[in-house]
$ cat data04.txt   # compact mmCIF, C-alpha atoms and all ligand atoms
# COMPACT_ATOMS: atom_id res chain seq x y z
CA MET O 1 -51.03 -146.54 -106.60
CA THR O 2 -49.40 -146.77 -110.03
CA ARG O 3 -49.56 -143.61 -112.02
CA ALA O 4 -48.62 -142.93 -115.60
CA TRP O 5 -46.29 -139.94 -115.43
CA ALA O 6 -46.31 -137.39 -118.21
CA GLN O 7 -44.62 -138.52 -121.40
CA ARG O 8 -42.25 -135.58 -121.02
CA ALA O 9 -40.72 -137.16 -117.91
CA ALA O 10 -40.55 -140.61 -119.47
CA SER O 11 -38.66 -139.18 -122.44
CA ILE O 12 -35.71 -138.13 -120.27
CA GLU O 13 -32.86 -140.59 -119.98
CA PRO O 14 -30.63 -140.95 -116.90
CA PHE O 15 -27.49 -138.81 -116.88
CA LEU O 16 -24.91 -141.63 -116.62
CA ALA O 17 -22.16 -139.39 -115.23
CA MET O 18 -24.48 -138.74 -112.29
CA GLU O 19 -25.46 -142.41 -112.01
CA VAL O 20 -21.77 -143.35 -111.74
CA ALA O 21 -21.19 -140.55 -109.22
CA GLU O 22 -24.16 -141.63 -107.12
CA ARG O 23 -22.90 -145.25 -107.01
CA ALA O 24 -19.44 -143.88 -106.10
CA PHE O 25 -20.96 -141.88 -103.23
CA ALA O 26 -22.64 -145.08 -101.97
CA LEU O 27 -19.29 -146.93 -102.08
CA GLU O 28 -17.71 -144.05 -100.17
CA ARG O 29 -20.40 -144.20 -97.51
CA ALA O 30 -19.43 -147.86 -97.12
CA GLY O 31 -15.79 -146.84 -96.57
CA ALA O 32 -14.26 -147.09 -100.09
CA ASP O 33 -11.70 -144.56 -101.30
CA VAL O 34 -13.00 -143.60 -104.74
CA ILE O 35 -11.16 -141.38 -107.23
CA HIS O 36 -13.66 -139.18 -109.03
CA LEU O 37 -12.87 -138.70 -112.71
CA GLU O 38 -16.51 -138.84 -113.80
CA LEU O 39 -17.84 -135.38 -113.10
CA GLY O 40 -17.41 -132.09 -114.94
CA GLU O 41 -16.72 -130.35 -111.70
CA PRO O 42 -13.53 -128.31 -111.18
CA ASP O 43 -11.58 -129.42 -108.09
CA PHE O 44 -10.60 -125.78 -107.49
CA GLU O 45 -12.20 -123.32 -105.09
CA ALA O 46 -14.26 -120.45 -106.43
CA PRO O 47 -12.44 -117.10 -106.53
CA ARG O 48 -12.09 -115.81 -102.96
CA GLU O 49 -13.55 -112.43 -103.98
CA ALA O 50 -16.68 -114.14 -105.29
CA VAL O 51 -17.20 -116.04 -102.04
CA GLU O 52 -16.64 -112.87 -100.02
CA ALA O 53 -18.98 -110.83 -102.23
CA CYS O 54 -21.66 -113.50 -101.83
CA ALA O 55 -21.29 -113.59 -98.03
CA ALA O 56 -21.26 -109.78 -97.81
CA ALA O 57 -24.35 -109.59 -100.03
CA LEU O 58 -26.23 -112.01 -97.77
CA LEU O 59 -25.32 -109.97 -94.70
CA ALA O 60 -26.24 -106.73 -96.45
CA GLY O 61 -29.71 -108.06 -97.22
CA ASP O 62 -29.32 -108.81 -100.93
CA THR O 63 -31.80 -111.62 -100.42
CA HIS O 64 -34.66 -110.48 -102.63
CA TYR O 65 -35.93 -111.03 -106.13
CA THR O 66 -34.07 -109.03 -108.74
CA ASP O 67 -35.00 -107.90 -112.23
CA SER O 68 -35.87 -111.17 -113.99
CA ARG O 69 -33.16 -110.47 -116.57
CA GLY O 70 -30.54 -110.16 -113.79
CA LEU O 71 -28.92 -107.23 -112.00
CA LEU O 72 -28.00 -104.53 -114.49
CA GLU O 73 -24.48 -104.41 -113.03
CA LEU O 74 -24.03 -108.12 -113.76
CA ARG O 75 -25.53 -107.96 -117.25
CA GLU O 76 -23.17 -105.10 -118.06
CA ALA O 77 -20.18 -106.99 -116.65
CA VAL O 78 -21.14 -110.15 -118.57
CA ALA O 79 -21.49 -108.17 -121.81
CA ARG O 80 -18.10 -106.49 -121.25
CA GLU O 81 -16.30 -109.77 -120.49
CA LYS O 82 -17.90 -111.70 -123.32
CA SER O 83 -17.28 -108.82 -125.76
CA ALA O 84 -13.58 -109.07 -124.94
CA ARG O 85 -13.56 -112.87 -125.37
CA ALA O 86 -15.64 -112.89 -128.56
CA GLY O 87 -14.00 -109.84 -130.14
CA VAL O 88 -17.34 -108.16 -130.91
CA ARG O 89 -19.35 -105.58 -129.00
CA ILE O 90 -22.28 -107.14 -127.14
CA ASP O 91 -25.13 -104.97 -125.92
CA PRO O 92 -26.04 -105.77 -122.27
CA ALA O 93 -29.69 -105.65 -123.43
CA ARG O 94 -29.03 -109.04 -125.11
CA VAL O 95 -28.02 -110.71 -121.81
CA LEU O 96 -30.31 -112.84 -119.65
CA VAL O 97 -28.86 -114.04 -116.32
CA THR O 98 -29.99 -117.51 -115.22
CA SER O 99 -29.43 -119.98 -112.37
CA GLY O 100 -26.78 -121.90 -114.31
CA THR O 101 -26.33 -122.61 -117.99
CA SER O 102 -28.88 -125.43 -117.76
CA PRO O 103 -31.90 -123.14 -117.14
CA ALA O 104 -30.68 -120.90 -119.97
CA MET O 105 -30.76 -123.99 -122.21
CA LEU O 106 -34.28 -124.82 -121.08
CA LEU O 107 -35.52 -121.30 -121.77
CA VAL O 108 -33.86 -121.10 -125.20
CA PHE O 109 -35.29 -124.47 -126.27
CA GLY O 110 -38.63 -123.38 -124.81
CA LEU O 111 -38.44 -120.46 -127.21
CA LEU O 112 -37.26 -122.28 -130.32
CA VAL O 113 -38.80 -125.75 -130.21
CA GLU O 114 -42.39 -126.39 -131.26
CA PRO O 115 -43.79 -129.88 -130.60
CA GLY O 116 -42.33 -132.19 -133.26
CA ALA O 117 -39.60 -129.75 -134.27
CA GLU O 118 -36.16 -131.19 -134.92
CA VAL O 119 -32.97 -130.02 -133.26
CA LEU O 120 -29.66 -130.99 -134.85
CA ILE O 121 -26.96 -132.15 -132.44
CA PRO O 122 -23.43 -133.02 -133.58
CA THR O 123 -22.45 -136.18 -131.73
CA PRO O 124 -20.73 -137.33 -129.46
CA HIS O 125 -22.62 -134.67 -127.48
CA TYR O 126 -23.29 -133.37 -123.98
CA PRO O 127 -25.80 -135.93 -122.64
CA CYS O 128 -28.45 -133.42 -121.60
CA TYR O 129 -28.93 -131.77 -125.05
CA PRO O 130 -31.33 -134.43 -126.42
CA ASN O 131 -33.14 -134.59 -123.10
CA PHE O 132 -33.79 -130.84 -123.08
CA VAL O 133 -35.06 -131.12 -126.66
CA ARG O 134 -37.41 -134.00 -125.80
CA PHE O 135 -38.59 -132.20 -122.67
CA CYS O 136 -39.69 -129.34 -124.91
CA GLY O 137 -41.54 -131.76 -127.22
CA GLY O 138 -38.87 -131.74 -129.91
CA VAL O 139 -36.99 -134.48 -131.70
CA PRO O 140 -33.19 -134.67 -131.40
CA VAL O 141 -31.45 -135.45 -134.70
CA LEU O 142 -27.85 -136.56 -134.21
CA VAL O 143 -25.26 -135.57 -136.80
CA PRO O 144 -22.04 -137.62 -136.52
CA THR O 145 -18.63 -136.08 -136.05
CA HIS O 146 -15.51 -138.20 -136.42
CA ALA O 147 -12.24 -138.64 -134.58
CA ALA O 148 -10.43 -138.74 -137.94
CA ASN O 149 -11.55 -135.17 -138.47
CA GLY O 150 -10.74 -134.01 -134.92
CA PHE O 151 -14.48 -134.11 -134.09
CA GLN O 152 -14.98 -130.95 -136.16
CA ILE O 153 -18.59 -130.31 -137.14
CA ASP O 154 -19.17 -131.37 -140.75
CA VAL O 155 -21.11 -128.43 -142.21
CA ASP O 156 -22.25 -130.48 -145.24
CA ALA O 157 -23.58 -133.23 -142.97
CA VAL O 158 -25.48 -130.59 -140.99
CA ARG O 159 -26.85 -129.13 -144.23
CA ARG O 160 -28.04 -132.56 -145.37
CA ALA O 161 -29.81 -133.12 -142.04
CA ILE O 162 -31.88 -129.92 -142.32
CA THR O 163 -35.59 -130.44 -143.00
CA PRO O 164 -38.56 -128.04 -142.95
CA ARG O 165 -39.01 -129.09 -139.29
CA THR O 166 -35.48 -128.11 -138.19
CA ALA O 167 -35.72 -125.57 -135.37
CA ALA O 168 -32.10 -125.23 -134.24
CA LEU O 169 -28.58 -126.62 -134.16
CA ILE O 170 -26.94 -126.96 -130.73
CA PHE O 171 -23.27 -127.67 -130.18
CA GLY O 172 -20.56 -126.94 -127.63
CA SER O 173 -17.16 -125.40 -128.32
CA PRO O 174 -14.92 -126.30 -126.59
CA ALA O 175 -16.97 -129.49 -126.52
CA ASN O 176 -17.82 -131.93 -123.80
CA PRO O 177 -16.76 -134.79 -124.08
CA THR O 178 -14.28 -134.47 -127.00
CA GLY O 179 -12.60 -131.16 -126.14
CA ALA O 180 -12.95 -130.15 -129.81
CA VAL O 181 -12.80 -126.44 -130.57
CA GLN O 182 -14.67 -125.35 -133.67
CA ARG O 183 -12.90 -123.08 -136.15
CA ALA O 184 -14.19 -119.58 -136.87
CA GLU O 185 -14.79 -120.62 -140.52
CA THR O 186 -16.97 -123.52 -139.36
CA LEU O 187 -19.05 -121.20 -137.18
CA ALA O 188 -19.38 -118.72 -140.04
CA ALA O 189 -20.52 -121.48 -142.41
CA LEU O 190 -23.02 -122.82 -139.86
CA ALA O 191 -24.41 -119.31 -139.38
CA GLN O 192 -25.17 -119.22 -143.13
CA LEU O 193 -27.41 -122.31 -143.03
CA GLY O 194 -30.54 -120.40 -142.06
CA VAL O 195 -31.06 -122.43 -138.87
CA PRO O 196 -30.83 -120.77 -135.44
CA LEU O 197 -27.50 -121.67 -133.80
CA VAL O 198 -27.38 -122.44 -130.10
CA SER O 199 -23.72 -122.28 -129.13
CA ASP O 200 -22.85 -123.69 -125.71
CA GLU O 201 -19.70 -121.81 -124.71
CA ILE O 202 -19.53 -122.90 -121.06
CA TYR O 203 -15.90 -124.05 -121.56
CA ASP O 204 -14.87 -120.74 -123.14
CA GLY O 205 -11.54 -119.67 -121.63
CA LEU O 206 -10.43 -123.28 -121.07
CA VAL O 207 -8.39 -123.91 -124.21
CA PHE O 208 -4.93 -125.52 -124.13
CA ASP O 209 -1.64 -124.41 -125.68
CA GLY O 210 -2.43 -120.70 -125.62
CA GLY O 211 -5.40 -121.12 -127.95
CA SER O 212 -8.87 -119.67 -127.72
CA ALA O 213 -12.29 -120.78 -128.89
CA PRO O 214 -13.95 -118.50 -131.43
CA SER O 215 -17.40 -117.44 -130.25
CA ALA O 216 -20.48 -117.86 -132.43
CA LEU O 217 -21.21 -114.24 -131.49
CA ALA O 218 -18.49 -113.22 -133.93
CA ALA O 219 -20.19 -115.20 -136.71
CA SER O 220 -23.62 -113.61 -136.47
CA GLU O 221 -25.89 -111.54 -134.22
CA ASP O 222 -28.57 -114.10 -134.84
CA VAL O 223 -27.23 -116.77 -132.48
CA PHE O 224 -28.09 -117.95 -128.99
CA VAL O 225 -25.00 -118.29 -126.82
CA LEU O 226 -25.18 -120.24 -123.56
CA ASP O 227 -22.44 -119.66 -121.01
CA GLY O 228 -21.89 -119.53 -117.28
CA PHE O 229 -19.65 -119.45 -114.25
CA SER O 230 -19.52 -123.19 -113.40
CA LYS O 231 -16.43 -124.19 -115.35
CA ARG O 232 -14.43 -121.00 -116.01
CA TYR O 233 -14.57 -119.86 -112.38
CA ALA O 234 -15.11 -123.19 -110.56
CA MET O 235 -18.55 -122.04 -109.40
CA THR O 236 -20.74 -125.09 -110.15
CA GLY O 237 -22.62 -124.93 -106.86
CA PHE O 238 -23.38 -121.23 -107.11
CA ARG O 239 -25.71 -122.02 -110.04
CA LEU O 240 -25.05 -118.99 -112.21
CA GLY O 241 -25.15 -118.73 -115.98
CA PHE O 242 -26.42 -116.58 -118.80
CA ALA O 243 -27.66 -116.50 -122.36
CA ILE O 244 -26.73 -113.89 -124.96
CA VAL O 245 -29.48 -113.84 -127.55
CA PRO O 246 -30.72 -111.90 -130.59
CA SER O 247 -32.36 -108.65 -129.40
CA ALA O 248 -35.83 -109.75 -130.50
CA ALA O 249 -35.60 -112.94 -128.42
CA LEU O 250 -34.85 -111.26 -125.10
CA ARG O 251 -38.40 -110.19 -124.28
CA PRO O 252 -40.06 -113.64 -124.72
CA LEU O 253 -37.22 -115.24 -122.75
CA GLN O 254 -37.68 -112.63 -120.02
CA VAL O 255 -41.39 -113.48 -119.82
CA MET O 256 -40.58 -117.20 -119.50
CA GLN O 257 -38.00 -116.45 -116.80
CA GLN O 258 -40.52 -114.27 -114.90
CA ASN O 259 -42.94 -117.17 -114.82
CA LEU O 260 -40.68 -120.19 -114.46
CA PHE O 261 -37.86 -118.90 -112.22
CA ILE O 262 -38.73 -115.25 -111.36
CA SER O 263 -35.06 -114.34 -111.07
CA CYS O 264 -31.66 -115.79 -110.29
CA ASN O 265 -30.50 -115.63 -106.62
CA HIS O 266 -29.71 -112.06 -105.67
CA PHE O 267 -26.54 -112.72 -103.59
CA VAL O 268 -25.22 -115.21 -106.17
CA GLN O 269 -25.42 -112.49 -108.82
CA ARG O 270 -23.17 -110.34 -106.59
CA ALA O 271 -20.69 -113.24 -106.57
CA GLY O 272 -20.86 -113.22 -110.36
CA VAL O 273 -19.92 -109.53 -110.55
CA ALA O 274 -16.91 -110.22 -108.30
CA ALA O 275 -15.89 -113.32 -110.28
CA LEU O 276 -15.83 -111.33 -113.51
CA ALA O 277 -13.70 -108.64 -111.87
CA HIS O 278 -11.29 -110.93 -109.98
CA GLY O 279 -11.65 -114.49 -111.30
CA GLU O 280 -8.94 -114.47 -113.96
CA PRO O 281 -6.22 -115.98 -111.67
CA THR O 282 -8.56 -118.90 -110.87
CA ARG O 283 -9.14 -119.56 -114.58
CA ARG O 284 -5.42 -119.42 -115.28
CA ALA O 285 -4.49 -121.70 -112.38
CA MET O 286 -7.05 -124.28 -113.50
CA LEU O 287 -5.88 -124.19 -117.09
CA GLU O 288 -2.29 -124.69 -115.95
CA ALA O 289 -3.28 -127.71 -113.84
CA TYR O 290 -5.48 -129.18 -116.59
CA THR O 291 -2.60 -128.81 -119.07
CA ARG O 292 -0.26 -130.77 -116.80
CA ARG O 293 -2.86 -133.42 -115.99
CA ARG O 294 -3.87 -133.78 -119.64
CA GLU O 295 -0.31 -134.81 -120.59
CA ARG O 296 -0.02 -137.22 -117.67
CA LEU O 297 -3.43 -138.82 -118.13
CA ILE O 298 -3.02 -139.24 -121.90
CA ASP O 299 0.42 -140.85 -121.46
CA GLY O 300 -0.77 -143.06 -118.63
CA LEU O 301 -3.94 -144.21 -120.36
CA ARG O 302 -2.07 -144.97 -123.58
CA SER O 303 0.47 -147.07 -121.73
CA ILE O 304 -2.37 -149.10 -120.20
CA GLY O 305 -3.84 -149.78 -123.64
CA PHE O 306 -6.45 -147.06 -124.18
CA GLU O 307 -6.34 -145.17 -127.44
CA ILE O 308 -6.71 -141.41 -127.44
CA PRO O 309 -7.49 -140.61 -131.09
CA VAL O 310 -7.84 -136.86 -130.47
CA PRO O 311 -6.21 -135.17 -127.49
CA PRO O 312 -8.56 -132.47 -126.23
CA ALA O 313 -7.95 -128.92 -127.47
CA GLY O 314 -10.11 -127.46 -124.71
CA ALA O 315 -12.47 -128.18 -121.78
CA PHE O 316 -11.11 -130.64 -119.20
CA TYR O 317 -11.76 -134.20 -120.34
CA VAL O 318 -9.89 -137.01 -122.03
CA PHE O 319 -12.16 -139.06 -124.27
CA ALA O 320 -10.46 -142.43 -124.45
CA ASP O 321 -11.21 -145.35 -126.76
CA ALA O 322 -11.57 -148.32 -124.40
CA ARG O 323 -12.72 -150.94 -126.94
CA ARG O 324 -9.68 -153.04 -126.22
CA PHE O 325 -11.24 -153.70 -122.80
CA GLY O 326 -14.86 -154.12 -123.84
CA THR O 327 -17.45 -152.61 -126.12
CA ASP O 328 -20.10 -151.95 -123.44
CA SER O 329 -18.86 -148.70 -121.89
CA ARG O 330 -21.53 -148.68 -119.22
CA ALA O 331 -20.58 -152.16 -118.00
CA LEU O 332 -16.88 -151.26 -118.17
CA ALA O 333 -17.29 -148.01 -116.19
CA PHE O 334 -19.29 -149.69 -113.44
CA ASP O 335 -16.87 -152.62 -113.35
CA LEU O 336 -13.89 -150.27 -112.94
CA LEU O 337 -15.76 -148.38 -110.25
CA GLU O 338 -16.45 -151.57 -108.28
CA ARG O 339 -13.05 -153.22 -108.75
CA ALA O 340 -10.63 -150.29 -108.96
CA HIS O 341 -12.62 -147.57 -107.22
CA VAL O 342 -11.98 -145.26 -110.17
CA ALA O 343 -15.06 -143.42 -111.43
CA ALA O 344 -15.20 -142.56 -115.15
CA THR O 345 -18.14 -141.73 -117.42
CA PRO O 346 -19.33 -144.34 -119.93
CA GLY O 347 -18.93 -143.02 -123.47
CA VAL O 348 -22.47 -144.08 -124.37
CA ASP O 349 -23.68 -141.23 -122.14
CA PHE O 350 -22.61 -138.99 -125.05
CA GLY O 351 -24.66 -140.93 -127.59
CA ALA O 352 -24.17 -144.17 -129.53
CA ALA O 353 -21.20 -142.47 -131.23
CA GLY O 354 -19.40 -142.51 -127.88
CA GLU O 355 -19.97 -146.22 -127.22
CA GLY O 356 -16.72 -148.04 -126.47
CA PHE O 357 -15.17 -144.89 -125.00
CA LEU O 358 -14.70 -143.70 -121.43
CA ARG O 359 -14.50 -140.03 -120.48
CA PHE O 360 -11.96 -139.13 -117.81
CA SER O 361 -12.17 -135.71 -116.20
CA LEU O 362 -8.98 -133.77 -115.48
CA SER O 363 -10.49 -132.24 -112.38
CA ALA O 364 -8.74 -134.35 -109.75
CA PRO O 365 -5.45 -133.52 -108.01
CA ASP O 366 -2.30 -134.80 -109.75
CA ALA O 367 -1.58 -137.39 -107.04
CA GLN O 368 -5.05 -138.88 -107.46
CA ILE O 369 -4.56 -139.11 -111.21
CA GLU O 370 -1.36 -141.12 -110.56
CA THR O 371 -3.20 -143.46 -108.20
CA ALA O 372 -6.10 -143.80 -110.64
CA LEU O 373 -3.68 -144.85 -113.40
CA GLU O 374 -2.07 -147.45 -111.14
CA ARG O 375 -5.45 -148.85 -110.15
CA LEU O 376 -6.70 -148.93 -113.75
CA ALA O 377 -3.53 -150.70 -114.94
CA LYS O 378 -3.96 -153.35 -112.27
CA ALA O 379 -7.69 -153.86 -112.77
CA LEU O 380 -7.43 -154.04 -116.55
CA ALA O 381 -4.52 -156.47 -116.42
CA ALA O 382 -6.58 -158.81 -114.23
CA PRO O 383 -9.64 -160.59 -115.60
CA ALA O 384 -13.00 -159.14 -114.51
C1 LIG K 401 -21.50 -128.69 -122.22
C2 LIG K 401 -22.18 -128.34 -120.95
N1 LIG K 401 -23.19 -127.46 -120.98
C3 LIG K 401 -23.85 -127.13 -119.86
C4 LIG K 401 -23.52 -127.67 -118.63
C5 LIG K 401 -24.33 -127.28 -117.42
O1 LIG K 401 -23.71 -126.28 -116.71
P1 LIG K 401 -24.33 -125.45 -115.51
O2 LIG K 401 -23.63 -125.91 -114.26
O3 LIG K 401 -23.98 -124.02 -115.81
O4 LIG K 401 -25.79 -125.67 -115.48
C6 LIG K 401 -22.47 -128.58 -118.55
C7 LIG K 401 -22.10 -129.22 -117.27
O5 LIG K 401 -21.38 -130.19 -117.20
C8 LIG K 401 -21.77 -128.91 -119.75
O6 LIG K 401 -20.74 -129.78 -119.75
$ encode --input "data04.txt" --output "structure tokens"
Amino acid sequence: MTRAWAQRAASIEPFLAMEVAERAFALERAGADVIHLELGEPDFEAPREAVEACAAALLAGDTHYTDSRGLLELREAVAREKSARAGVRIDPARVLVTSGTSPAMLLVFGLLVEPGAEVLIPTPHYPCYPNFVRFCGGVPVLVPTHAANGFQIDVDAVRRAITPRTAALIFGSPANPTGAVQRAETLAALAQLGVPLVSDEIYDGLVFDGGSAPSALAASEDVFVLDGFSKRYAMTGFRLGFAIVPSAALRPLQVMQQNLFISCNHFVQRAGVAALAHGEPTRRAMLEAYTRRRERLIDGLRSIGFEIPVPPAGAFYVFADARRFGTDSRALAFDLLERAHVAATPGVDFGAAGEGFLRFSLSAPDAQIETALERLAKALAAPA
């Protein structure tokens, strides 16, 4: 029987990083040795204390629903940690704990986006932003950023894109895929535009060269910050994140969470409390490794013929201009996967502005990065 699925489902586009990964897994099942540089997944283990707290919580019977907003202890710990990072005092009553940053994004767009409403997205962008917007019945409006300007958000371009239907502006800082970190002045200017800001700060704490990423929380109380444990503490599979929102928004988000998710996993929230207390060495060790790998990968890719117009200031990706090897990034990524067994993400996953680029993740051991560079050099020197 052929059914017409809801338009909402048809409006979602495949996540190409996952499509590449899934083809890579199939090659591995057939015996290939694939180097994974396509996923935004730290190759580090979660903090030991978080794993132990999670196991202990399971054994102690922390296997029930919790307050839909999250355990008070975790909300308080999140507010304390984020206050220290952002340099402003955050009331735990503004924190909603979710099963990853992704559900927080869904709930926040569920709150802000009426059918037909427009959401501004500086591009190149995290692939899922427009899909979340469409899922909620909204219309993504892409606002270009440029390598020449370090992929900084152009406040005037955002201002020009605002219409009476604009419901929000979403951006990441540090950003995936460009690694751009927005300046405090940019965030302050964006906060003045009269459009709700949704600031995805999931890569907060992962900034190179001793830098830090200013939080939108310091620019205004009237912002929606998305953040989580996946990247900063290498806890992708725990599925733990949070939103920090204007006080008046907490209650409607809580009601949506009650209905859509009930609460985040009880024992995982215990892991979150432990990660906040003991996870700093994990964050530091990752940042040290990413710093080393960033230098090596940039040098290696440049010597093969890629251009890196803007080395990343944060996050853990190198966004490389691959136009010398072909303008169809999807075809190029799949070709390199098949011939060199190196998995990278096609730039077009991040919007048309990313076409011609490949995104390489820094989350593979140093030795694998060396091998990947050798394989890429060989494959790109030989005709396809
Ligand atoms: C910018 C950005 N936001 C959100 C997410 C989703 O994170 P989570 O694992 O917390 O759902 C990712 C994951 O790659 C990301 O890169």
$ residues_near_ligand --input "data04.txt" --ligand "ligand LIG 401 (chain K)" --cutoff "8 Å" --atoms "all atoms listed in the file" --output "ChimeraX atom specification"
/O:39-41,99-103,105,126,128,172,175-177,200-203,226-231,236-237,239-241
$ write_last_selection --input "data04.txt" --atoms "C-alpha atoms" --output "short mmCIF file (atom, residue, chain, number, x, y, z; two decimals), in the frame of the given file"
data_model
loop_
_atom_site.label_atom_id
_atom_site.label_comp_id
_atom_site.auth_asym_id
_atom_site.auth_seq_id
_atom_site.Cartn_x
_atom_site.Cartn_y
_atom_site.Cartn_z
CA LEU O 39 -17.84 -135.38 -113.10
CA GLY O 40 -17.41 -132.09 -114.94
CA GLU O 41 -16.72 -130.35 -111.70
CA SER O 99 -29.43 -119.98 -112.37
CA GLY O 100 -26.78 -121.90 -114.31
CA THR O 101 -26.33 -122.61 -117.99
CA SER O 102 -28.88 -125.43 -117.76
CA PRO O 103 -31.90 -123.14 -117.14
CA MET O 105 -30.76 -123.99 -122.21
CA TYR O 126 -23.29 -133.37 -123.98
CA CYS O 128 -28.45 -133.42 -121.60
CA GLY O 172 -20.56 -126.94 -127.63
CA ALA O 175 -16.97 -129.49 -126.52
CA ASN O 176 -17.82 -131.93 -123.80
CA PRO O 177 -16.76 -134.79 -124.08
CA ASP O 200 -22.85 -123.69 -125.71
CA GLU O 201 -19.70 -121.81 -124.71
CA ILE O 202 -19.53 -122.90 -121.06
CA TYR O 203 -15.90 -124.05 -121.56
CA LEU O 226 -25.18 -120.24 -123.56
CA ASP O 227 -22.44 -119.66 -121.01
CA GLY O 228 -21.89 -119.53 -117.28
CA PHE O 229 -19.65 -119.45 -114.25
CA SER O 230 -19.52 -123.19 -113.40
CA LYS O 231 -16.43 -124.19 -115.35
CA THR O 236 -20.74 -125.09 -110.15
CA GLY O 237 -22.62 -124.93 -106.86
CA ARG O 239 -25.71 -122.02 -110.04
CA LEU O 240 -25.05 -118.99 -112.21
CA GLY O 241 -25.15 -118.73 -115.98
#
$ atom_distance --input "data04.txt" --atom1 "atom CA of O:Gly272" --atom2 "atom CA of O:Pro127"
26.3 Å
$ residues_around --input "data04.txt" --residues "O:Ser11" --least-positions-apart "4" --cutoff "12 Å" --atoms "only C-alpha atoms" --output "VMD selection string"
chain O and resid 5 to 7 128 130 to 140
$ closest_residue --input "data04.txt" --among "O:Ala157, O:Ile244, O:Ala4, O:Leu169" --to "O:Ile90" --atoms "all atoms listed in the file"
O:Ile244
$ residues_around --input "data04.txt" --residues "stretch 329-337 of chain O" --least-positions-apart "2" --cutoff "8 Å" --atoms "only C-alpha atoms" --output "ChimeraX atom specification"
/O:20,24,34,322,325-327,339-348,355-358,376,379,384
$ decode --input "data04.txt" --residues "stretch 111-125 of chain O" --atoms "N, CA and C atoms" --output "PDB file, in the first residue's frame"
ATOM      1  N   LEU O 111       7.889  26.303  20.592  1.00  0.00           N
ATOM      2  CA  LEU O 111       7.379  27.472  21.314  1.00  0.00           C
ATOM      3  C   LEU O 111       7.337  28.725  20.445  1.00  0.00           C
ATOM      4  N   LEU O 112       8.363  28.888  19.603  1.00  0.00           N
ATOM      5  CA  LEU O 112       8.529  30.172  18.909  1.00  0.00           C
ATOM      6  C   LEU O 112       7.914  30.223  17.513  1.00  0.00           C
ATOM      7  N   VAL O 113       7.760  29.069  16.873  1.00  0.00           N
ATOM      8  CA  VAL O 113       7.469  29.075  15.434  1.00  0.00           C
ATOM      9  C   VAL O 113       6.001  28.749  15.141  1.00  0.00           C
ATOM     10  N   GLU O 114       5.288  29.744  14.684  1.00  0.00           N
ATOM     11  CA  GLU O 114       3.920  29.538  14.176  1.00  0.00           C
ATOM     12  C   GLU O 114       4.020  29.012  12.744  1.00  0.00           C
ATOM     13  N   PRO O 115       2.989  28.317  12.240  1.00  0.00           N
ATOM     14  CA  PRO O 115       3.032  27.920  10.831  1.00  0.00           C
ATOM     15  C   PRO O 115       3.279  29.135   9.941  1.00  0.00           C
ATOM     16  N   GLY O 116       4.242  29.004   9.035  1.00  0.00           N
ATOM     17  CA  GLY O 116       4.558  30.098   8.104  1.00  0.00           C
ATOM     18  C   GLY O 116       5.553  31.110   8.646  1.00  0.00           C
ATOM     19  N   ALA O 117       5.901  30.990   9.918  1.00  0.00           N
ATOM     20  CA  ALA O 117       6.860  31.953  10.492  1.00  0.00           C
ATOM     21  C   ALA O 117       8.261  31.693   9.937  1.00  0.00           C
ATOM     22  N   GLU O 118       9.037  32.757   9.858  1.00  0.00           N
ATOM     23  CA  GLU O 118      10.391  32.630   9.305  1.00  0.00           C
ATOM     24  C   GLU O 118      11.431  32.573  10.425  1.00  0.00           C
ATOM     25  N   VAL O 119      12.416  31.723  10.230  1.00  0.00           N
ATOM     26  CA  VAL O 119      13.529  31.650  11.177  1.00  0.00           C
ATOM     27  C   VAL O 119      14.816  31.930  10.409  1.00  0.00           C
ATOM     28  N   LEU O 120      15.549  32.927  10.867  1.00  0.00           N
ATOM     29  CA  LEU O 120      16.793  33.327  10.197  1.00  0.00           C
ATOM     30  C   LEU O 120      17.933  32.415  10.644  1.00  0.00           C
ATOM     31  N   ILE O 121      18.709  31.952   9.667  1.00  0.00           N
ATOM     32  CA  ILE O 121      19.808  31.021   9.963  1.00  0.00           C
ATOM     33  C   ILE O 121      21.056  31.476   9.205  1.00  0.00           C
ATOM     34  N   PRO O 122      22.056  32.023   9.906  1.00  0.00           N
ATOM     35  CA  PRO O 122      23.316  32.310   9.214  1.00  0.00           C
ATOM     36  C   PRO O 122      23.882  31.009   8.637  1.00  0.00           C
ATOM     37  N   THR O 123      24.377  31.091   7.412  1.00  0.00           N
ATOM     38  CA  THR O 123      24.848  29.880   6.735  1.00  0.00           C
ATOM     39  C   THR O 123      26.249  30.086   6.192  1.00  0.00           C
ATOM     40  N   PRO O 124      27.116  29.038   6.138  1.00  0.00           N
ATOM     41  CA  PRO O 124      26.885  27.615   6.377  1.00  0.00           C
ATOM     42  C   PRO O 124      26.396  27.356   7.813  1.00  0.00           C
ATOM     43  N   HIS O 125      25.532  26.333   7.960  1.00  0.00           N
ATOM     44  CA  HIS O 125      24.836  26.118   9.231  1.00  0.00           C
ATOM     45  C   HIS O 125      24.792  24.635   9.576  1.00  0.00           C
TER      46      HIS O 125
END
